[in-house]
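Enquirer: Structure file structure-v2.cif (mmCIF, C-alpha atoms) is given on the next line.
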data_model
#
loop_
_atom_site.label_atom_id
_atom_site.label_comp_id
_atom_site.auth_asym_id
_atom_site.auth_seq_id
_atom_site.Cartn_x
_atom_site.Cartn_y
_atom_site.Cartn_z
CA MET A 291 163.05 99.24 331.14
CA GLU A 292 161.13 98.81 327.90
CA ALA A 293 164.35 98.30 325.94
CA LYS A 294 165.41 95.65 328.47
CA THR A 295 162.05 93.87 328.09
CA ASN A 296 162.28 94.03 324.31
CA ARG A 297 165.80 92.57 324.44
CA MET A 298 164.58 89.78 326.72
CA LEU A 299 161.69 88.99 324.37
CA TYR A 300 164.05 89.09 321.38
CA TRP A 301 166.42 86.57 322.97
CA SER A 302 163.49 84.42 324.16
CA ASN A 303 162.30 84.22 320.58
CA ILE A 304 165.75 83.27 319.31
CA LEU A 305 166.12 80.63 322.05
CA CYS A 306 162.72 79.18 321.10
CA ASN A 307 163.82 78.90 317.46
CA ILE A 308 167.08 77.21 318.51
CA ILE A 309 165.19 74.68 320.68
CA ILE A 310 162.83 73.84 317.79
CA VAL A 311 165.72 73.35 315.34
CA VAL A 312 167.75 71.25 317.81
CA ASN A 313 164.74 69.09 318.65
CA ILE A 314 163.89 68.45 315.01
CA PHE A 315 167.54 67.64 314.30
CA MET A 316 167.80 65.27 317.29
CA PHE A 317 164.60 63.47 316.36
CA ALA A 318 165.67 63.17 312.72
CA LEU A 319 169.00 61.72 313.90
CA LEU A 320 167.26 59.27 316.22
CA LEU A 321 164.84 58.29 313.46
CA LEU A 322 167.73 57.75 311.04
CA ILE A 323 169.62 55.55 313.52
CA VAL A 324 166.61 53.47 314.55
CA VAL A 325 165.22 53.06 311.02
CA SER A 326 168.65 52.12 309.67
CA SER A 327 168.81 49.41 312.38
CA PHE A 328 165.87 47.68 310.64
CA PHE A 329 168.08 47.09 307.61
CA THR A 330 171.60 46.75 308.96
CA ASN A 331 173.37 46.19 312.27
CA LYS A 332 176.47 47.97 311.04
CA TYR A 333 175.90 50.94 313.36
CA SER A 334 173.21 49.75 315.76
CA ASN A 335 175.67 47.42 317.54
CA TYR A 336 177.43 50.55 318.72
CA VAL A 337 174.31 52.43 319.80
CA ALA A 338 172.96 51.82 323.30
CA LEU A 339 169.88 53.06 325.07
CA ILE A 340 170.64 55.23 328.07
CA ASP A 341 167.25 56.11 329.44
CA GLY A 342 165.37 54.48 326.61
CA VAL A 343 164.12 51.78 328.96
CA LYS A 344 163.60 54.14 331.85
CA ALA A 345 160.55 56.30 332.32
CA GLY A 346 160.94 60.09 332.27
CA PHE A 347 160.67 63.04 329.93
CA GLY A 348 163.50 63.14 327.42
CA THR A 349 164.23 62.76 323.75
CA THR A 350 167.99 62.30 323.56
CA ASN A 351 168.38 58.89 325.10
CA LEU A 352 170.84 57.13 322.82
CA LYS A 353 174.60 56.97 323.14
CA PHE A 354 177.42 55.60 321.02
CA ILE A 355 179.49 52.86 322.69
CA SER A 356 182.58 50.82 321.97
CA PHE A 357 182.79 47.02 322.29
CA ASP A 358 184.55 46.87 325.64
CA THR A 359 182.03 48.90 327.61
CA GLU A 360 179.92 47.33 330.33
CA LYS A 361 176.77 45.43 329.49
CA VAL A 362 174.21 47.77 327.97
CA VAL A 363 171.09 47.46 325.85
CA VAL A 364 172.26 47.94 322.30
CA LEU A 365 169.86 49.02 319.58
CA SER A 366 170.44 45.90 317.48
CA SER A 367 169.16 43.69 320.31
CA LEU A 368 165.74 45.33 320.29
CA THR A 369 162.77 43.79 318.51
CA SER A 370 161.05 45.73 315.71
CA ALA A 371 158.05 46.40 317.97
CA MET A 372 160.34 47.87 320.61
CA LYS A 373 162.07 50.05 318.04
CA ILE A 374 158.69 51.37 316.85
CA TRP A 375 157.66 52.04 320.48
CA PHE A 376 160.99 53.82 320.97
CA ILE A 377 160.35 56.03 317.91
CA LEU A 378 156.73 56.71 318.89
CA ARG A 379 157.67 57.65 322.46
CA ASN A 380 160.33 60.05 321.24
CA LEU A 381 157.97 61.40 318.58
CA VAL A 382 155.39 62.24 321.27
CA PHE A 383 158.01 64.08 323.34
CA THR A 384 159.41 65.92 320.30
CA VAL A 385 155.91 67.01 319.20
CA ILE A 386 155.11 68.15 322.75
CA ILE A 387 158.31 70.20 322.98
CA ILE A 388 157.75 71.79 319.55
CA LYS A 389 154.08 72.55 320.34
CA VAL A 390 155.07 74.07 323.69
CA ILE A 391 157.75 76.24 322.07
CA LEU A 392 155.38 77.40 319.30
CA ILE A 393 152.79 78.42 321.91
CA ILE A 394 155.46 80.22 323.96
CA LYS A 395 156.47 82.09 320.78
CA LYS A 396 152.85 83.21 320.34
CA VAL A 397 152.74 84.44 323.96
CA VAL A 398 156.05 86.29 323.48
CA LYS A 399 154.67 87.86 320.28
CA SER A 400 151.54 89.06 322.08
CA ILE A 401 153.60 90.56 324.93
CA LYS A 402 155.80 92.27 322.33
CA SER A 403 152.74 93.87 320.73
CA LEU A 404 151.62 95.07 324.21
CA ASN A 405 148.58 92.82 324.09
CA THR A 406 149.49 90.70 327.12
CA PHE A 407 146.20 90.19 328.94
CA TYR A 408 143.73 88.86 326.41
CA MET A 409 141.69 85.69 325.95
CA GLY A 410 144.23 84.20 323.54
CA ASN A 411 147.01 84.04 326.12
CA ILE A 412 144.68 82.50 328.72
CA ALA A 413 143.80 79.77 326.22
CA TYR A 414 147.50 79.31 325.30
CA PHE A 415 148.43 78.66 328.94
CA LYS A 416 145.59 76.15 329.25
CA HIS A 417 146.91 74.38 326.12
CA LEU A 418 150.40 74.36 327.65
CA ALA A 419 149.00 72.78 330.81
CA ILE A 420 147.25 70.07 328.75
CA LEU A 421 150.51 69.37 326.90
CA GLY A 422 152.24 69.16 330.29
CA TRP A 423 149.73 66.54 331.49
CA ILE A 424 150.14 64.55 328.24
CA GLY A 425 153.92 64.72 328.70
CA ALA A 426 153.54 63.61 332.32
CA PHE A 427 151.41 60.64 331.26
CA PHE A 428 153.83 59.43 328.60
CA SER A 429 156.91 59.99 330.74
CA ALA A 430 155.42 58.11 333.72
CA PHE A 431 156.25 54.69 332.27
CA ASN A 432 158.48 52.87 329.84
CA PHE A 433 159.16 49.24 329.11
CA LEU A 434 161.44 46.85 327.30
CA THR A 435 160.37 43.42 326.17
CA GLY A 436 161.54 40.79 323.73
CA ASP A 437 164.86 40.00 325.35
CA GLU A 438 164.97 37.83 328.46
CA ASP A 439 168.08 39.56 329.80
CA TYR A 440 166.64 43.03 329.59
CA SER A 441 162.85 42.64 329.91
CA MET A 442 161.61 45.28 332.27
CA ILE A 443 158.94 47.88 332.93
CA HIS A 444 159.79 51.13 334.64
CA PHE A 445 157.52 53.65 336.36
CA THR A 446 158.31 57.06 337.74
CA ILE A 447 156.53 60.18 338.95
CA PRO A 448 157.43 62.81 336.35
CA PHE A 449 157.68 65.86 338.61
CA GLY A 450 159.03 68.09 335.81
CA PRO A 451 156.04 67.87 333.44
CA ILE A 452 153.58 67.87 336.38
CA ALA A 453 155.15 71.04 337.82
CA PHE A 454 155.10 72.60 334.33
CA ALA A 455 151.39 71.78 333.88
CA ILE A 456 150.49 73.19 337.31
CA ALA A 457 152.55 76.35 336.69
CA CYS A 458 150.78 76.87 333.34
CA LEU A 459 147.35 76.43 334.95
CA ILE A 460 148.28 79.00 337.60
CA LEU A 461 149.56 81.36 334.90
CA SER A 462 146.30 80.99 332.95
CA HIS A 463 144.44 82.10 336.10
CA VAL A 464 146.89 84.98 336.60
CA PHE A 465 146.31 86.12 333.02
CA ASP A 466 142.55 85.71 333.50
CA GLU A 467 142.75 87.97 336.57
CA GLY A 468 144.94 90.41 334.61
CA LYS A 469 142.37 90.54 331.83
CA SER A 470 139.50 91.33 334.20
CA LEU A 471 141.61 94.05 335.88
CA LEU A 472 142.46 95.50 332.47
CA ASP A 473 138.78 95.44 331.49
CA ASP A 474 137.96 97.28 334.74
CA LYS A 475 140.72 99.80 334.11
CA ASN A 476 139.53 100.40 330.54
CA SER A 477 135.96 100.99 331.67
CA ILE A 478 136.98 103.73 334.12
CA VAL A 479 136.75 107.11 332.42
CA MET B 98 120.17 101.71 344.78
CA ARG B 99 122.37 102.60 341.87
CA ILE B 100 124.51 105.45 340.67
CA VAL B 101 123.08 107.49 337.80
CA ILE B 102 125.02 109.90 335.63
CA ASN B 103 123.18 113.04 334.63
CA LEU B 104 125.82 114.22 332.21
CA ASP B 105 123.34 114.55 329.34
CA VAL B 106 121.09 116.78 331.49
CA MET B 107 123.97 119.13 332.39
CA MET B 108 125.16 119.19 328.78
CA ALA B 109 121.68 120.10 327.62
CA LYS B 110 121.49 122.88 330.26
CA ARG B 111 124.83 124.29 329.09
CA LYS B 112 123.93 123.61 325.42
CA MET B 113 127.18 121.76 324.95
CA ARG B 114 127.76 118.91 322.50
CA LEU B 115 129.71 115.78 323.32
CA ASN B 116 132.66 116.52 321.02
CA GLU B 117 132.95 120.02 322.45
CA LEU B 118 133.05 118.62 325.98
CA SER B 119 135.54 116.01 324.82
CA GLU B 120 137.89 118.75 323.59
CA LYS B 121 137.56 120.75 326.80
CA VAL B 122 138.00 117.78 329.14
CA GLY B 123 140.61 115.90 327.12
CA VAL B 124 138.71 112.60 327.26
CA SER B 125 137.70 110.75 324.11
CA VAL B 126 134.14 110.99 322.82
CA THR B 127 133.85 107.21 323.17
CA ASN B 128 134.69 107.33 326.89
CA LEU B 129 132.38 110.27 327.52
CA SER B 130 129.64 108.44 325.68
CA LEU B 131 130.23 105.38 327.93
CA LEU B 132 129.97 107.65 330.95
CA LYS B 133 126.83 109.35 329.65
CA THR B 134 125.03 106.08 328.96
CA GLY B 135 126.02 104.65 332.36
CA LYS B 136 128.16 101.88 330.87
CA ALA B 137 131.39 103.07 332.53
CA LYS B 138 132.34 101.27 335.74
CA GLY B 139 133.86 104.34 337.31
CA VAL B 140 135.12 107.88 336.84
CA ARG B 141 138.46 109.27 337.97
CA PHE B 142 138.46 112.33 340.28
CA SER B 143 140.67 114.14 337.74
CA THR B 144 138.13 113.53 334.95
CA LEU B 145 135.26 114.55 337.22
CA ILE B 146 136.96 117.86 338.11
CA LYS B 147 137.61 118.62 334.44
CA ILE B 148 133.99 117.83 333.50
CA CYS B 149 132.75 120.05 336.37
CA GLU B 150 135.04 122.87 335.24
CA ALA B 151 133.86 122.54 331.63
CA LEU B 152 130.17 122.44 332.58
CA ASP B 153 130.51 124.90 335.48
CA CYS B 154 128.78 122.61 337.94
CA LYS B 155 129.39 120.45 341.01
CA PRO B 156 129.95 116.66 341.05
CA GLY B 157 126.51 116.25 342.64
CA ASP B 158 124.95 117.81 339.53
CA ILE B 159 126.40 115.05 337.40
CA ILE B 160 126.34 112.06 339.73
CA ASP B 161 123.21 111.08 341.59
CA ILE B 162 121.89 108.01 343.35
CA GLU B 163 118.48 106.42 342.95
#
Mind turning this structure into C-alpha coordinates?
Expert:
Amino acid sequence: MEAKTNRMLYWSNILCNIIIVVNIFMFALLLLIVVSSFFTNKYSNYVALIDGVKAGFGTTNLKFISFDTEKVVVLSSLTSAMKIWFILRNLVFTVIIIKVILIIKKVVKSIKSLNTFYMGNIAYFKHLAILGWIGAFFSAFNFLTGDEDYSMIHFTIPFGPIAFAIACLILSHVFDEGKSLLDDKNSIV
Amino acid sequence: MRIVINLDVMMAKRKMRLNELSEKVGVSVTNLSLLKTGKAKGVRFSTLIKICEALDCKPGDIIDIE
(Lines of atoms letter the chains of each structure in order from A and count residues from 1; the text may use other names and numbers.)
(Lines give C-alpha, C1' and ligand atoms only; values in the text may rest on other atoms or scores of the structure.)
Protein backbone atom coordinates (compact mmCIF):
# COMPACT_ATOMS: atom_id res chain seq x y z
CA MET A 1 0.00 0.00 0.00
CA GLU A 2 2.78 2.38 0.97
CA ALA A 3 4.79 1.47 -2.13
CA LYS A 4 1.70 2.13 -4.27
CA THR A 5 1.23 5.55 -2.62
CA ASN A 6 4.90 6.39 -3.10
CA ARG A 7 4.66 5.42 -6.78
CA MET A 8 1.56 7.58 -7.18
CA LEU A 9 3.30 10.54 -5.54
CA TYR A 10 6.39 9.97 -7.70
CA TRP A 11 4.35 10.04 -10.91
CA SER A 12 2.32 13.03 -9.67
CA ASN A 13 5.56 14.92 -9.19
CA ILE A 14 6.80 13.99 -12.66
CA LEU A 15 3.46 14.99 -14.21
CA CYS A 16 3.62 18.35 -12.40
CA ASN A 17 7.10 18.98 -13.82
CA ILE A 18 5.90 18.07 -17.33
CA ILE A 19 2.93 20.45 -17.05
CA ILE A 20 5.21 23.30 -15.92
CA VAL A 21 7.66 22.71 -18.79
CA VAL A 22 4.88 22.40 -21.40
CA ASN A 23 3.17 25.56 -20.13
CA ILE A 24 6.37 27.59 -20.18
CA PHE A 25 7.13 26.28 -23.68
CA MET A 26 3.61 27.07 -24.96
CA PHE A 27 3.68 30.57 -23.51
CA ALA A 28 7.15 31.23 -24.92
CA LEU A 29 5.91 30.05 -28.33
CA LEU A 30 2.82 32.25 -28.11
CA LEU A 31 4.94 35.21 -27.00
CA LEU A 32 7.34 34.63 -29.90
CA ILE A 33 4.51 34.49 -32.45
CA VAL A 34 2.64 37.53 -31.12
CA VAL A 35 5.76 39.67 -30.59
CA SER A 36 7.07 38.78 -34.05
CA SER A 37 3.72 39.96 -35.47
CA PHE A 38 4.59 43.48 -34.28
CA PHE A 39 7.50 43.53 -36.71
CA THR A 40 6.44 41.35 -39.62
CA ASN A 41 3.28 39.78 -41.04
CA LYS A 42 5.26 36.99 -42.63
CA TYR A 43 3.88 34.38 -40.22
CA SER A 44 1.00 36.15 -38.49
CA ASN A 45 -1.16 35.98 -41.64
CA TYR A 46 -1.20 32.23 -41.13
CA VAL A 47 -1.96 32.31 -37.41
CA ALA A 48 -5.59 32.54 -36.31
CA LEU A 49 -7.19 32.88 -32.92
CA ILE A 50 -9.34 29.92 -31.97
CA ASP A 51 -10.69 30.82 -28.58
CA GLY A 52 -8.65 33.97 -28.30
CA VAL A 53 -11.79 36.07 -28.61
CA LYS A 54 -13.89 33.75 -26.53
CA ALA A 55 -13.98 33.74 -22.76
CA GLY A 56 -12.79 30.65 -20.89
CA PHE A 57 -9.71 29.24 -19.19
CA GLY A 58 -7.04 28.25 -21.68
CA THR A 59 -3.59 29.18 -22.87
CA THR A 60 -3.21 27.40 -26.19
CA ASN A 61 -5.64 29.31 -28.33
CA LEU A 62 -3.77 29.88 -31.57
CA LYS A 63 -3.77 27.72 -34.67
CA PHE A 64 -1.91 27.74 -37.96
CA ILE A 65 -4.11 28.13 -41.05
CA SER A 66 -3.75 28.09 -44.81
CA PHE A 67 -5.15 30.76 -47.14
CA ASP A 68 -8.22 28.88 -48.31
CA THR A 69 -9.73 28.23 -44.89
CA GLU A 70 -12.97 29.86 -43.82
CA LYS A 71 -13.02 33.39 -42.46
CA VAL A 72 -11.11 33.54 -39.19
CA VAL A 73 -9.47 36.20 -37.07
CA VAL A 74 -5.84 36.19 -38.10
CA LEU A 75 -3.16 37.55 -35.81
CA SER A 76 -2.02 40.19 -38.30
CA SER A 77 -5.48 41.80 -38.27
CA LEU A 78 -5.30 42.54 -34.54
CA THR A 79 -4.32 45.96 -33.22
CA SER A 80 -1.24 46.30 -31.00
CA ALA A 81 -3.47 46.88 -27.95
CA MET A 82 -5.34 43.67 -28.68
CA LYS A 83 -2.09 41.75 -29.07
CA ILE A 84 -0.88 43.06 -25.70
CA TRP A 85 -4.24 42.10 -24.10
CA PHE A 86 -3.87 38.66 -25.72
CA ILE A 87 -0.37 38.24 -24.23
CA LEU A 88 -1.43 39.54 -20.81
CA ARG A 89 -4.46 37.25 -20.66
CA ASN A 90 -2.36 34.23 -21.54
CA LEU A 91 0.36 35.36 -19.12
CA VAL A 92 -2.19 35.43 -16.28
CA PHE A 93 -3.38 31.91 -17.11
CA THR A 94 0.18 30.59 -17.49
CA VAL A 95 1.24 32.11 -14.15
CA ILE A 96 -1.89 30.68 -12.47
CA ILE A 97 -1.21 27.20 -13.85
CA ILE A 98 2.48 27.30 -12.82
CA LYS A 99 1.61 28.63 -9.33
CA VAL A 100 -1.04 25.92 -8.91
CA ILE A 101 1.38 23.19 -9.99
CA LEU A 102 4.15 24.49 -7.68
CA ILE A 103 1.72 24.47 -4.73
CA ILE A 104 0.54 20.95 -5.63
CA LYS A 105 4.21 19.87 -5.69
CA LYS A 106 4.63 21.25 -2.16
CA VAL A 107 1.54 19.33 -0.99
CA VAL A 108 2.84 16.13 -2.64
CA LYS A 109 6.23 16.67 -0.94
CA SER A 110 4.58 17.06 2.47
CA ILE A 111 2.50 13.90 1.97
CA LYS A 112 5.68 12.07 0.91
CA SER A 113 7.39 13.10 4.15
CA LEU A 114 4.33 11.83 6.11
CA ASN A 115 3.50 15.35 7.25
CA THR A 116 0.09 15.54 5.59
CA PHE A 117 -2.09 17.32 8.14
CA TYR A 118 -0.30 20.50 9.11
CA MET A 119 -0.98 24.23 8.87
CA GLY A 120 1.10 24.59 5.71
CA ASN A 121 -1.15 22.34 3.64
CA ILE A 122 -4.29 24.11 4.89
CA ALA A 123 -2.80 27.42 3.76
CA TYR A 124 -1.72 25.89 0.41
CA PHE A 125 -5.29 24.78 -0.34
CA LYS A 126 -6.58 28.25 0.53
CA HIS A 127 -4.00 29.74 -1.89
CA LEU A 128 -5.14 27.28 -4.56
CA ALA A 129 -8.74 28.38 -4.02
CA ILE A 130 -7.74 32.05 -4.39
CA LEU A 131 -5.89 31.22 -7.62
CA GLY A 132 -9.02 29.40 -8.80
CA TRP A 133 -11.15 32.49 -8.16
CA ILE A 134 -8.62 34.71 -9.98
CA GLY A 135 -8.66 32.25 -12.89
CA ALA A 136 -12.47 32.26 -12.86
CA PHE A 137 -12.52 36.07 -12.97
CA PHE A 138 -10.13 36.35 -15.90
CA SER A 139 -11.72 33.51 -17.84
CA ALA A 140 -15.25 34.94 -17.42
CA PHE A 141 -14.80 37.47 -20.23
CA ASN A 142 -12.82 38.27 -23.33
CA PHE A 143 -13.13 40.84 -26.06
CA LEU A 144 -11.90 41.85 -29.47
CA THR A 145 -11.93 45.41 -30.71
CA GLY A 146 -10.28 47.44 -33.43
CA ASP A 147 -11.75 45.64 -36.41
CA GLU A 148 -15.35 46.32 -37.44
CA ASP A 149 -15.83 42.81 -38.81
CA TYR A 150 -14.74 41.07 -35.65
CA SER A 151 -15.50 43.48 -32.79
CA MET A 152 -17.07 41.51 -30.01
CA ILE A 153 -17.19 40.90 -26.28
CA HIS A 154 -17.78 37.44 -24.91
CA PHE A 155 -18.88 36.34 -21.43
CA THR A 156 -19.12 32.89 -19.95
CA ILE A 157 -19.52 31.21 -16.58
CA PRO A 158 -16.18 29.43 -16.05
CA PHE A 159 -17.42 26.31 -14.26
CA GLY A 160 -13.97 24.65 -14.34
CA PRO A 161 -12.05 27.25 -12.29
CA ILE A 162 -15.07 27.82 -10.01
CA ALA A 163 -15.36 24.08 -9.29
CA PHE A 164 -11.59 23.94 -8.70
CA ALA A 165 -11.74 26.85 -6.22
CA ILE A 166 -14.68 25.31 -4.32
CA ALA A 167 -12.96 21.89 -4.23
CA CYS A 168 -9.79 23.50 -2.83
CA LEU A 169 -11.75 25.36 -0.15
CA ILE A 170 -13.44 22.10 0.86
CA LEU A 171 -10.06 20.35 0.92
CA SER A 172 -8.61 23.08 3.14
CA HIS A 173 -11.45 22.41 5.61
CA VAL A 174 -10.86 18.65 5.34
CA PHE A 175 -7.17 19.16 6.11
CA ASP A 176 -8.09 21.52 8.96
CA GLU A 177 -10.33 18.79 10.42
CA GLY A 178 -7.55 16.24 9.87
CA LYS A 179 -5.09 18.44 11.73
CA SER A 180 -7.38 18.82 14.76
CA LEU A 181 -7.98 15.04 14.80
CA LEU A 182 -4.24 14.43 14.61
CA ASP A 183 -3.65 16.90 17.45
CA ASP A 184 -6.28 15.04 19.51
CA LYS A 185 -4.68 11.70 18.67
CA ASN A 186 -1.22 12.97 19.62
CA SER A 187 -2.45 14.27 22.96
CA ILE A 188 -3.88 10.89 23.98
CA VAL A 189 -1.29 8.95 25.95
CA MET B 1 -16.14 19.11 37.48
CA ARG B 2 -12.91 18.00 35.93
CA ILE B 3 -10.73 14.94 35.72
CA VAL B 4 -7.53 15.05 37.77
CA ILE B 5 -4.59 12.73 37.38
CA ASN B 6 -2.88 11.69 40.58
CA LEU B 7 0.01 9.97 38.88
CA ASP B 8 2.62 11.99 40.79
CA VAL B 9 1.02 10.98 44.12
CA MET B 10 1.12 7.27 43.25
CA MET B 11 4.67 7.58 41.95
CA ALA B 12 5.73 9.24 45.17
CA LYS B 13 4.03 6.47 47.21
CA ARG B 14 5.85 3.80 45.20
CA LYS B 15 9.07 5.90 45.16
CA MET B 16 9.26 5.56 41.42
CA ARG B 17 10.80 8.09 39.04
CA LEU B 18 9.28 9.10 35.74
CA ASN B 19 11.95 7.49 33.55
CA GLU B 20 11.65 4.24 35.49
CA LEU B 21 7.89 4.23 34.96
CA SER B 22 8.45 5.09 31.31
CA GLU B 23 10.64 2.01 30.88
CA LYS B 24 8.14 -0.25 32.63
CA VAL B 25 5.08 1.06 30.79
CA GLY B 26 6.69 1.56 27.38
CA VAL B 27 5.42 5.14 27.02
CA SER B 28 7.77 8.05 26.44
CA VAL B 29 8.75 10.31 29.33
CA THR B 30 7.28 13.25 27.41
CA ASN B 31 3.85 11.59 27.18
CA LEU B 32 3.91 10.51 30.81
CA SER B 33 4.87 14.04 31.78
CA LEU B 34 1.89 15.36 29.76
CA LEU B 35 -0.35 12.91 31.60
CA LYS B 36 1.11 13.82 34.98
CA THR B 37 0.64 17.56 34.47
CA GLY B 38 -2.93 17.07 33.19
CA LYS B 39 -2.13 18.37 29.70
CA ALA B 40 -3.07 15.10 27.95
CA LYS B 41 -6.57 14.99 26.47
CA GLY B 42 -7.02 11.31 27.18
CA VAL B 43 -5.41 8.03 28.16
CA ARG B 44 -5.77 4.70 26.39
CA PHE B 45 -7.07 1.71 28.39
CA SER B 46 -3.93 -0.22 27.40
CA THR B 47 -1.69 2.54 28.81
CA LEU B 48 -3.81 2.77 31.96
CA ILE B 49 -3.52 -0.99 32.59
CA LYS B 50 0.26 -0.88 32.13
CA ILE B 51 0.58 2.09 34.51
CA CYS B 52 -1.60 0.30 37.09
CA GLU B 53 0.51 -2.85 36.76
CA ALA B 54 3.74 -0.86 37.16
CA LEU B 55 2.47 1.08 40.18
CA ASP B 56 0.47 -1.82 41.62
CA CYS B 57 -2.70 0.21 41.95
CA LYS B 58 -6.21 0.60 40.51
CA PRO B 59 -7.31 3.15 37.87
CA GLY B 60 -9.25 4.99 40.57
CA ASP B 61 -5.98 5.62 42.42
CA ILE B 62 -4.63 7.50 39.42
CA ILE B 63 -7.73 9.12 37.98
CA ASP B 64 -10.07 11.15 40.13
CA ILE B 65 -12.77 13.74 39.60
CA GLU B 66 -13.17 17.05 41.39
Enquirer: What does the distance between CA of Leu104 (chain B) and CA of Lys133 (chain B) come to in Å, to one decimal place?
Expert: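 Distance reported for this atom pair: 5.6 Å.
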Enquirer: Counting all atoms listed in the file, which residues from chain A have an atom at most 9 Å from any atom of chain B, and could you show them as a list in words?
Expert: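 Putting it all together, I get Asp474, Lys475, Asn476, Ser477, Ile478 and Val479 of chain A.
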Enquirer: Could you tell me how far CA of Phe449 (chain A) lies from CA of Leu321 (chain A), in Å and to one decimal?
Expert: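 Spanning CA of Phe449 (chain A) to CA of Leu321 (chain A) is a straight-line distance of 27.2 Å.
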Enquirer: Can you tell me which residues surround His417 (chain A) at a distance of at most 9 Å, considering all atoms listed in the file, apart from same-chain residues fewer than 3 positions away, and format the answer as a PDB file with C-alpha atoms, in the coordinates of the input?
Expert:
ATOM      1  CA  VAL A 390     155.070  74.070 323.690  1.00  0.00           C
ATOM      2  CA  ILE A 393     152.790  78.420 321.910  1.00  0.00           C
ATOM      3  CA  ILE A 412     144.680  82.500 328.720  1.00  0.00           C
ATOM      4  CA  ALA A 413     143.800  79.770 326.220  1.00  0.00           C
ATOM      5  CA  TYR A 414     147.500  79.310 325.300  1.00  0.00           C
ATOM      6  CA  ILE A 420     147.250  70.070 328.750  1.00  0.00           C
ATOM      7  CA  LEU A 421     150.510  69.370 326.900  1.00  0.00           C
ATOM      8  CA  GLY A 422     152.240  69.160 330.290  1.00  0.00           C
ATOM      9  CA  CYS A 458     150.780  76.870 333.340  1.00  0.00           C
TER      10      CYS A 458
END
Enquirer: For Val385 (chain A), work out the shell of residues within 12 Å, counting all atoms listed in the file and skipping chain neighbours fewer than 6 positions away, then give it as a PyMOL selection string.
Expert: chain A and resi 310+313-314+317+348-349+377-379+391-392+421-422+424-425
Enquirer: Please report the interatomic distance between CA of Val122 (chain B) and CA of Ile148 (chain B) in Å with one decimal.
Expert: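 The value is 5.9 Å.
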Enquirer: Which protein, DNA or RNA residues are at most 12 Å from (173.3, 52.4, 315.2) in the file's coordinates when you count only C-alpha atoms, listed as an MDAnalysis selection string?
Expert: chainID A and resid 319:339 352:356 363:368 373
Enquirer: Name the residues within 7 Å of (122.6, 108.0, 330.2), counting all atoms listed in the file in the file's coordinates, and put them as a PDB file with C-alpha atoms, in the frame of the given file.
Expert:
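The result, written out as part_35.pdb:
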ATOM      1  CA  ILE B 102     125.020 109.900 335.630  1.00  0.00           C
ATOM      2  CA  ASN B 103     123.180 113.040 334.630  1.00  0.00           C
ATOM      3  CA  ASP B 105     123.340 114.550 329.340  1.00  0.00           C
ATOM      4  CA  LYS B 133     126.830 109.350 329.650  1.00  0.00           C
ATOM      5  CA  THR B 134     125.030 106.080 328.960  1.00  0.00           C
ATOM      6  CA  GLY B 135     126.020 104.650 332.360  1.00  0.00           C
TER       7      GLY B 135
END
